[in-house]
Every structure is written in C-alpha cells, then in structure tokens.
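Structure, as structure tokens:
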Amino acid sequence: GDYAYRDEQGYFWFLGRKDDLINSFGYRISPHEIERVLKTHPDVADCVALEEKTGPDKTIVAACLIAHDGVVINEAALIDYAQQHLAKYKVPKTFYVLKTFPRTANGKILRKELRALYSR
C-alpha cells in the first residue's frame with residue numbers, strides 16, 4: 001500500500017500510503033510534501049494534508065492545522081507561503097484550524113477520521 005519513486009541518482013522517495021494520496025484535478029499528490037512545507041511556517045505547530053470531496057467528481061487539497069499557543073492563523077499569509085514553496089496544484093484550497101487531531105493509542109494521526117469530518 002506504499003507509493004514511492006526512484007530518482008535519477010538512485011534514491012528512493014516515499015510518497016505516502018495508497019489510501020493517503022490525494023487525487024485532485026488529475027494529479028496524485030503526496031500529503032507528506034505539503035505537510036513538510038506547512039510545518040516550516042512559524043505559526044504552524046502541526047498539520048495534516050488531506051483530500052476534501054466538494055462534489056461528486058471534485059476533490060480539493062485541504063489542510064488541518066494546529067497553531068502554536070497564542071497564535072491566530074492568517075489564512076492569506078499561509079496560502080502565500082504555500083504558493084512560494086509548492087507547485088500550484090499542491091497548495092491547499094481550504095484550511096481548518098483545530099486544537100488537536102484524532103490519534104491512535106500510539107499517537108498516529110487518524111487521517112480517515114479527519115477526512116470523514118471534512119468530506120461532503
């Protein structure tokens with residue numbers, strides 16, 4: 001169930017689990033790249049990128065965020081930051097700010113529960 005690719009120099013790059021990949025407008029997008037970029041923003045403590053179904057045949061990239069204590073997320077600034085560091089089709093179209101993420105007993109984020117909350 002894992003997706004990866006091998007680059008020209010022979011290195012393997014993990015893209016994500018089959019059920020975690022985001023299919024949006026014909027692109028297969030790894031959520032891990034989006035999360036890695038958003039986590040470098042100074043206001044973001046943690047994040048999860050996922051797909052959000054907005055219609056029968058329409059899926060967009062969304063991001064669930066946890067802000068650092070006392071910080072209010074500025075969505076416009078976050079979009080600008082993402083546009084500087086990601087390809088246009090990878091930039092989240094929607095952001096959800098949460099206090100915590102649903103997790104397993106081992107601390108792994110339950111992506112399926114987050115997807116269920118934000119898929120129509």
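Chains: A, B, ... in order of the structure tokens. Residues: from 1 per chain. Ligands: from 1, in order shown.
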
With a cut-off of 8 Å, could you pull out the residues of region 64-104 of chain A touching region 36-46 of chain A and give me the nearest pair of atoms for each, distance in Å to one decimal, using only C-alpha atoms, ordered by chain and ascending number, as a Markdown table?
| residue | atom | partner | partner_atom | distance |
| --- | --- | --- | --- | --- |
| A:Leu65 | CA | A:Asp46 | CA | 5.9 |
| A:Ile66 | CA | A:Asp46 | CA | 5.1 |
| A:Ala67 | CA | A:Val44 | CA | 4.7 |
| A:His68 | CA | A:Ala45 | CA | 5.0 |
| A:Val71 | CA | A:Asp43 | CA | 6.4 |
| A:Val72 | CA | A:Asp43 | CA | 7.8 |
| A:Ile73 | CA | A:Asp43 | CA | 6.7 |
| A:Leu78 | CA | A:His41 | CA | 7.7 |
| A:Tyr81 | CA | A:His41 | CA | 7.6 |
| A:Ala82 | CA | A:Leu38 | CA | 6.9 |
| A:His85 | CA | A:Val37 | CA | 6.8 |
| A:Leu86 | CA | A:Val37 | CA | 7.7 |

Give the strand (DSSP E or B) residues of chain A, as assigned by DSSP on the backbone, as a ChimeraX atom specification.
/A:2-6,12-17,22-24,27-29,44-55,58-67,94-97,103,109

Where does region 25-77 of chain A meet region 92-99 of chain A within 9 Å, residue by residue, with the nearest atom pair and distance in Å to one decimal for each, counting only C-alpha atoms, listed by chain and rising number, as JSON lines?
{"residue": "A:Ile34", "atom": "CA", "partner": "A:Pro92", "partner_atom": "CA", "distance": 8.2}
{"residue": "A:Ala49", "atom": "CA", "partner": "A:Pro92", "partner_atom": "CA", "distance": 7.8}
{"residue": "A:Leu50", "atom": "CA", "partner": "A:Pro92", "partner_atom": "CA", "distance": 8.9}
{"residue": "A:Glu52", "atom": "CA", "partner": "A:Thr94", "partner_atom": "CA", "distance": 8.7}
{"residue": "A:Ile60", "atom": "CA", "partner": "A:Lys93", "partner_atom": "CA", "distance": 6.6}
{"residue": "A:Val61", "atom": "CA", "partner": "A:Pro92", "partner_atom": "CA", "distance": 4.7}
{"residue": "A:Ala62", "atom": "CA", "partner": "A:Thr94", "partner_atom": "CA", "distance": 4.7}
{"residue": "A:Ala63", "atom": "CA", "partner": "A:Phe95", "partner_atom": "CA", "distance": 4.9}
{"residue": "A:Cys64", "atom": "CA", "partner": "A:Tyr96", "partner_atom": "CA", "distance": 4.6}
{"residue": "A:Leu65", "atom": "CA", "partner": "A:Val97", "partner_atom": "CA", "distance": 4.7}
{"residue": "A:Ile66", "atom": "CA", "partner": "A:Leu98", "partner_atom": "CA", "distance": 5.4}
{"residue": "A:Ala67", "atom": "CA", "partner": "A:Val97", "partner_atom": "CA", "distance": 7.2}
{"residue": "A:Ile73", "atom": "CA", "partner": "A:Val97", "partner_atom": "CA", "distance": 7.7}
{"residue": "A:Glu75", "atom": "CA", "partner": "A:Phe95", "partner_atom": "CA", "distance": 7.2}

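One finds CA of Gly55 (chain A) at 12.0 Å from CA of Tyr118 (chain A).
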
Considering only C-alpha atoms, state which residue in the set A:Asp57, A:Val91, A:Ala116, A:Ser30 is at the smallest distance from Tyr5 (chain A).
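Smallest separation from Tyr5 (chain A) among the options: A:Ser30.
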
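Around Ile29 (chain A), within 10 Å and counting only C-alpha atoms, the residues found are Leu15, Gly16, Asp20, Leu21, Ile22, Asn23, Ser24, Gly26, His32, Glu33, Ile34, Ala49, Leu50, Glu51, Val61, Tyr89 and Lys90 of chain A, once anything fewer than 3 positions away on its own chain is removed.
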
Can you pull out every residue from chain A that DSSP, working from the backbone, puts in helix (DSSP H, G or I), and format the result as a PyMOL selection string?
chain A and resi 31-38+75-85+88-90+111-118
